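This report concerns only the one structure given below.
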Amino acid sequence: MTTDKVSVIQQQHIDELQINPAECIEWVRQGFLMKDRTQMPAKLSVHPQGEDFMTSMPCLLPSQNGKKYFGLKLVSRIEGQTPTLKSDITLYDAETGQLLAIMDGDWITAMRTGAVAALAAKTFQRTGVDTYSMIGLGNIARAVALCLIADNSHRPITIRLMRYKDQAEQFIERFKAYDHVRFEIIDDPTAFITEADVLISCVTVATELLFPDDTLYQEGITVIPVHVRGFQNCDLFFDKVFGDDTEQIQRFKYFNQFRQYDEIHHVLQGKNPGRTNDKERILSYNYGIALHDIVFASKIYERLKIHTTGFDYLKQDKKIWV
């Protein structure tokens, strides 16, 4: 028998690191830049009952600083569990096969999602934009706002919020300490969309188009549907569409009717110019990729591996004959 030390990394351990949103944006940027050198099969889902699902997301990172990581994220949505949507990540040494860590993935999911949206906004917004419009104001929207605010810490910005129940007021209360950010609450959906420069939607359920009138989208707008729902009309007339992973995006109903399509990492690598003028309407679909989850997990593991509790994993070092 051999003994491996497996770290158990829980939310309290991640909290202690005090990872700032600007660092999260840098981590997702690094992830995109290494995408061509990763092995990342498509997500695989099973459905235990009803609308519930369990989705596996594997990714093998390229060797960095003499280390090579493989990780598997399991996302589950089970009615009755708390929270309903949760995730766990297992991290391995890809060269030895050793299990290194088991960690809570909920914070990673939220912050890598928020960081990708903020990076997409910075990458595709037209010149001079300092106003961001947000609809769907749950936890993921808060992660997006944290990253937007951090990425614009050098200048004042305005965040427009589409009113829904009392969520906008709660949202403003959460971010009241940031004095370089001004908030507006918008009641009229038409005014909300027609005056949007960068529209970030964190709506999780949209059985119909959110803004079906194509004429309401002004020239130069950037639309970022974080949960890729509610903007399928834009697929057909926006000038350019960018995605985080073609294998996922090509399953969309109108994929073959996009006017121009490419992956966002090609823009970050300088292989695609991205936005080329301030009149282009640009749609950025980021479905969520295991690459970012495992980049985050590996960096967190490296910072915590000697500080966390764990368990001894007794591994068989001889072939088992039955």
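To be explicit about the labels: the chains of the structure tokens are called A, B, and onward in the order shown, and within each one the residues are counted from 1, while ligands get numbers from 1 in the order they are shown.
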Please, which residues in stretch 69-165 of chain A fall within 12 Å of stretch 36-43 of chain A when counting only C-alpha atoms, and what is the closest atom pair and distance in Å to one decimal for each, ordered by chain then residue number, as CSV?
residue,atom,partner,partner_atom,distance
A:Tyr69,CA,A:Thr38,CA,10.4
A:Phe70,CA,A:Gln39,CA,9.3
A:Gly71,CA,A:Met40,CA,10.1
A:Leu72,CA,A:Met40,CA,10.2
A:Lys73,CA,A:Lys43,CA,9.8
A:Leu74,CA,A:Lys43,CA,9.8
A:Val75,CA,A:Lys43,CA,10.1
A:Ala94,CA,A:Gln39,CA,11.8
Any chance you can output those residues with C-alpha atoms as a CSV table (one decimal), in the first residue's frame?
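File out-v7.csv, as written:
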chain,number,residue,atom,x,y,z
A,69,TYR,CA,-3.2,19.1,-13.6
A,70,PHE,CA,-6.3,17.2,-14.5
A,71,GLY,CA,-9.6,18.1,-12.9
A,72,LEU,CA,-13.2,17.0,-13.0
A,73,LYS,CA,-16.0,19.3,-12.0
A,74,LEU,CA,-19.4,17.7,-11.3
A,75,VAL,CA,-22.3,20.2,-11.4
A,94,ALA,CA,-1.9,14.4,-14.4
Please report as CSV every residue of stretch 174-270 of chain A lying within 12 Å of stretch 105-111 of chain A, along with the nearest atom pair and their distance in Å (one decimal), using only C-alpha atoms.
residue,atom,partner,partner_atom,distance
A:Cys202,CA,A:Ala110,CA,11.4
A:Val226,CA,A:Ala110,CA,11.1
A:His227,CA,A:Ala110,CA,11.9
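Across the model, the gap from atom CA of A:Pro58 to atom CA of A:Ile320 is 27.3 Å.
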(message) I'd like the contact shell of stretch 115-128 of chain A - 8 Å cut-off, only C-alpha atoms, skipping same-chain residues fewer than 2 positions apart - returned as a PyMOL selection string.
(response) chain A and resi 21+24-25+28-29+111-113+130+143-144+147-148+151+197-198+200+220-222+224+226+264+268+274-275+277-279+282+284+286
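Between atom CA of A:Val205 and atom CA of A:Ser76 there is a distance of 16.6 Å.
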(message) Given only C-alpha atoms as the basis, pick out the residue of A:Leu33, A:Met57, A:Val203, A:Val181 nearest to A:Ala290.
(response) A:Met57
(message) Give me, as a VMD selection string, the residues of stretch 39-175 of chain A that a backbone DSSP run labels strand (DSSP E or B).
(response) chain A and resid 39 44 to 46 53 to 60 64 67 69 to 77 85 to 93 99 to 104 131 to 135 157 to 162
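Residue nearest A:Pro48 within the list A:Glu79, A:Glu184, A:Asp235, A:Glu95: A:Glu79 [criterion: smallest interatomic distance, only C-alpha atoms].
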(request) Could you tell me, as a PyMOL selection string, which residues of stretch 264-294 of chain A DSSP assigns to alpha helix (DSSP H) when given the backbone? (result) chain A and resi 264-268+290-294
Produce a table with one row for each residue of stretch 261-295 of chain A that has an atom at most 8 Å from any atom of stretch 240-253 of chain A, each row naming the nearest atom pair and its distance in Å at one decimal; use only C-alpha atoms; arrange rows by chain and rising residue number; format as a tab-separated table.
residue	atom	partner	partner_atom	distance
A:Tyr261	CA	A:Val241	CA	4.9
A:Asp262	CA	A:Phe242	CA	5.1
A:Glu263	CA	A:Gly243	CA	4.8
A:Ile264	CA	A:Phe242	CA	5.6
A:His265	CA	A:Asp244	CA	7.3
A:Glu280	CA	A:Lys240	CA	7.4
A:Arg281	CA	A:Lys240	CA	6.7
A:Ile282	CA	A:Lys240	CA	5.0
A:Leu283	CA	A:Val241	CA	4.7
A:Ser284	CA	A:Phe242	CA	4.8
A:Tyr285	CA	A:Gly243	CA	4.6
A:Asn286	CA	A:Asp244	CA	4.9
A:Tyr287	CA	A:Asp244	CA	6.6
A:Gly288	CA	A:Asp244	CA	7.2
A:Ile289	CA	A:Asp244	CA	7.3
(request) Please identify all polymer residues within 6 Å of stretch 158-171 of chain A, counting only C-alpha atoms, omitting same-chain residues fewer than 4 positions from it, and present them as an NGL selection string. (result) :A and (131-135 or 181-187)
(request) Rank nothing, just name the residue among A:Ala191, A:Ala22, A:Leu85, A:Gln12 nearest to A:Asn152, using only C-alpha atoms. (result) A:Ala22
Excluding A:Ala101 and residues on its chain fewer than 5 positions from it, collect all residues at most 12 Å away from it, counting only C-alpha atoms, and give them as an mmCIF file with N, CA and C atoms, in the first residue's frame.
data_model
loop_
_atom_site.group_PDB
_atom_site.id
_atom_site.type_symbol
_atom_site.label_atom_id
_atom_site.label_comp_id
_atom_site.auth_asym_id
_atom_site.auth_seq_id
_atom_site.Cartn_x
_atom_site.Cartn_y
_atom_site.Cartn_z
ATOM 1 N N ASP A 4 -1.342 8.462 -0.066
ATOM 2 C CA ASP A 4 -1.393 9.800 -0.655
ATOM 3 C C ASP A 4 -2.147 10.724 0.288
ATOM 4 N N LYS A 5 -1.684 11.958 0.395
ATOM 5 C CA LYS A 5 -2.360 12.962 1.207
ATOM 6 C C LYS A 5 -3.300 13.744 0.301
ATOM 7 N N VAL A 6 -4.590 13.690 0.578
ATOM 8 C CA VAL A 6 -5.600 14.371 -0.222
ATOM 9 C C VAL A 6 -6.129 15.563 0.569
ATOM 10 N N SER A 7 -6.036 16.748 -0.015
ATOM 11 C CA SER A 7 -6.540 17.955 0.642
ATOM 12 C C SER A 7 -8.048 18.061 0.466
ATOM 13 N N VAL A 8 -8.725 18.466 1.518
ATOM 14 C CA VAL A 8 -10.151 18.758 1.440
ATOM 15 C C VAL A 8 -10.295 20.269 1.579
ATOM 16 N N ILE A 9 -10.680 20.912 0.499
ATOM 17 C CA ILE A 9 -10.740 22.377 0.457
ATOM 18 C C ILE A 9 -12.196 22.804 0.459
ATOM 19 N N GLN A 10 -12.604 23.424 1.554
ATOM 20 C CA GLN A 10 -13.980 23.851 1.713
ATOM 21 C C GLN A 10 -14.081 25.367 1.532
ATOM 22 N N TYR A 69 -1.954 19.427 -14.340
ATOM 23 C CA TYR A 69 -3.159 19.094 -13.580
ATOM 24 C C TYR A 69 -4.277 18.593 -14.483
ATOM 25 N N PHE A 70 -5.015 17.625 -13.934
ATOM 26 C CA PHE A 70 -6.293 17.213 -14.525
ATOM 27 C C PHE A 70 -7.360 17.435 -13.464
ATOM 28 N N GLY A 71 -8.513 17.915 -13.898
ATOM 29 C CA GLY A 71 -9.593 18.109 -12.947
ATOM 30 C C GLY A 71 -10.927 17.686 -13.520
ATOM 31 N N LEU A 72 -11.827 17.351 -12.624
ATOM 32 C CA LEU A 72 -13.186 16.992 -13.017
ATOM 33 C C LEU A 72 -14.160 17.754 -12.126
ATOM 34 N N LYS A 73 -14.987 18.552 -12.756
ATOM 35 C CA LYS A 73 -16.028 19.269 -12.028
ATOM 36 C C LYS A 73 -17.356 18.549 -12.246
ATOM 37 N N ASP A 88 -18.857 20.266 -7.211
ATOM 38 C CA ASP A 88 -17.679 19.746 -6.521
ATOM 39 C C ASP A 88 -16.592 19.498 -7.561
ATOM 40 N N ILE A 89 -15.336 19.667 -7.139
ATOM 41 C CA ILE A 89 -14.206 19.509 -8.050
ATOM 42 C C ILE A 89 -13.193 18.548 -7.443
ATOM 43 N N THR A 90 -12.724 17.601 -8.260
ATOM 44 C CA THR A 90 -11.601 16.754 -7.864
ATOM 45 C C THR A 90 -10.407 17.122 -8.744
ATOM 46 N N LEU A 91 -9.249 17.241 -8.121
ATOM 47 C CA LEU A 91 -8.037 17.684 -8.815
ATOM 48 C C LEU A 91 -6.967 16.605 -8.693
ATOM 49 N N TYR A 92 -6.284 16.328 -9.818
ATOM 50 C CA TYR A 92 -5.291 15.261 -9.880
ATOM 51 C C TYR A 92 -3.965 15.780 -10.420
ATOM 52 N N ASP A 93 -2.895 15.105 -10.042
ATOM 53 C CA ASP A 93 -1.607 15.272 -10.700
ATOM 54 C C ASP A 93 -1.664 14.434 -11.973
ATOM 55 N N ILE A 294 -10.834 24.464 -13.588
ATOM 56 C CA ILE A 294 -9.636 23.734 -13.181
ATOM 57 C C ILE A 294 -8.446 24.680 -13.022
ATOM 58 N N ALA A 297 -9.131 25.969 -9.618
ATOM 59 C CA ALA A 297 -8.907 24.921 -8.624
ATOM 60 C C ALA A 297 -7.420 24.674 -8.400
ATOM 61 N N SER A 298 -6.636 24.665 -9.485
ATOM 62 C CA SER A 298 -5.198 24.405 -9.346
ATOM 63 C C SER A 298 -4.495 25.529 -8.601
ATOM 64 N N LYS A 299 -4.890 26.770 -8.874
ATOM 65 C CA LYS A 299 -4.269 27.910 -8.197
ATOM 66 C C LYS A 299 -4.646 27.940 -6.715
ATOM 67 N N ILE A 300 -5.897 27.626 -6.430
ATOM 68 C CA ILE A 300 -6.329 27.571 -5.025
ATOM 69 C C ILE A 300 -5.624 26.439 -4.288
ATOM 70 N N TYR A 301 -5.512 25.292 -4.941
ATOM 71 C CA TYR A 301 -4.811 24.159 -4.327
ATOM 72 C C TYR A 301 -3.372 24.519 -3.997
ATOM 73 N N GLU A 302 -2.674 25.159 -4.920
ATOM 74 C CA GLU A 302 -1.270 25.498 -4.690
ATOM 75 C C GLU A 302 -1.101 26.446 -3.513
ATOM 76 N N LEU A 304 -3.195 26.509 -0.882
ATOM 77 C CA LEU A 304 -3.763 25.959 0.342
ATOM 78 C C LEU A 304 -3.244 24.573 0.725
ATOM 79 N N LYS A 305 -2.497 23.920 -0.129
ATOM 80 C CA LYS A 305 -2.238 22.495 0.058
ATOM 81 C C LYS A 305 -1.566 22.157 1.383
ATOM 82 N N ILE A 306 -0.797 23.063 1.965
ATOM 83 C CA ILE A 306 -0.143 22.752 3.233
ATOM 84 C C ILE A 306 -0.902 23.323 4.434
ATOM 85 N N THR A 308 -4.546 23.032 4.702
ATOM 86 C CA THR A 308 -5.888 22.477 4.858
ATOM 87 C C THR A 308 -5.847 21.090 5.487
ATOM 88 N N THR A 309 -6.958 20.727 6.071
ATOM 89 C CA THR A 309 -7.108 19.360 6.561
ATOM 90 C C THR A 309 -7.321 18.437 5.368
ATOM 91 N N GLY A 310 -7.148 17.176 5.573
ATOM 92 C CA GLY A 310 -7.353 16.229 4.489
ATOM 93 C C GLY A 310 -7.477 14.829 5.054
ATOM 94 N N PHE A 311 -7.154 13.868 4.229
ATOM 95 C CA PHE A 311 -7.196 12.493 4.696
ATOM 96 C C PHE A 311 -6.142 11.680 3.964
ATOM 97 N N ASP A 312 -5.731 10.601 4.599
ATOM 98 C CA ASP A 312 -4.769 9.692 3.986
ATOM 99 C C ASP A 312 -5.526 8.706 3.119
ATOM 100 N N TYR A 313 -5.135 8.652 1.867
ATOM 101 C CA TYR A 313 -5.787 7.774 0.900
ATOM 102 C C TYR A 313 -4.850 6.597 0.650
#
(request) Name the closest residue to A:Gly138 among the candidates A:His13, A:Arg174, A:Arg259, A:Lys271; distances are taken between atoms, counting only C-alpha atoms. (result) A:Arg174
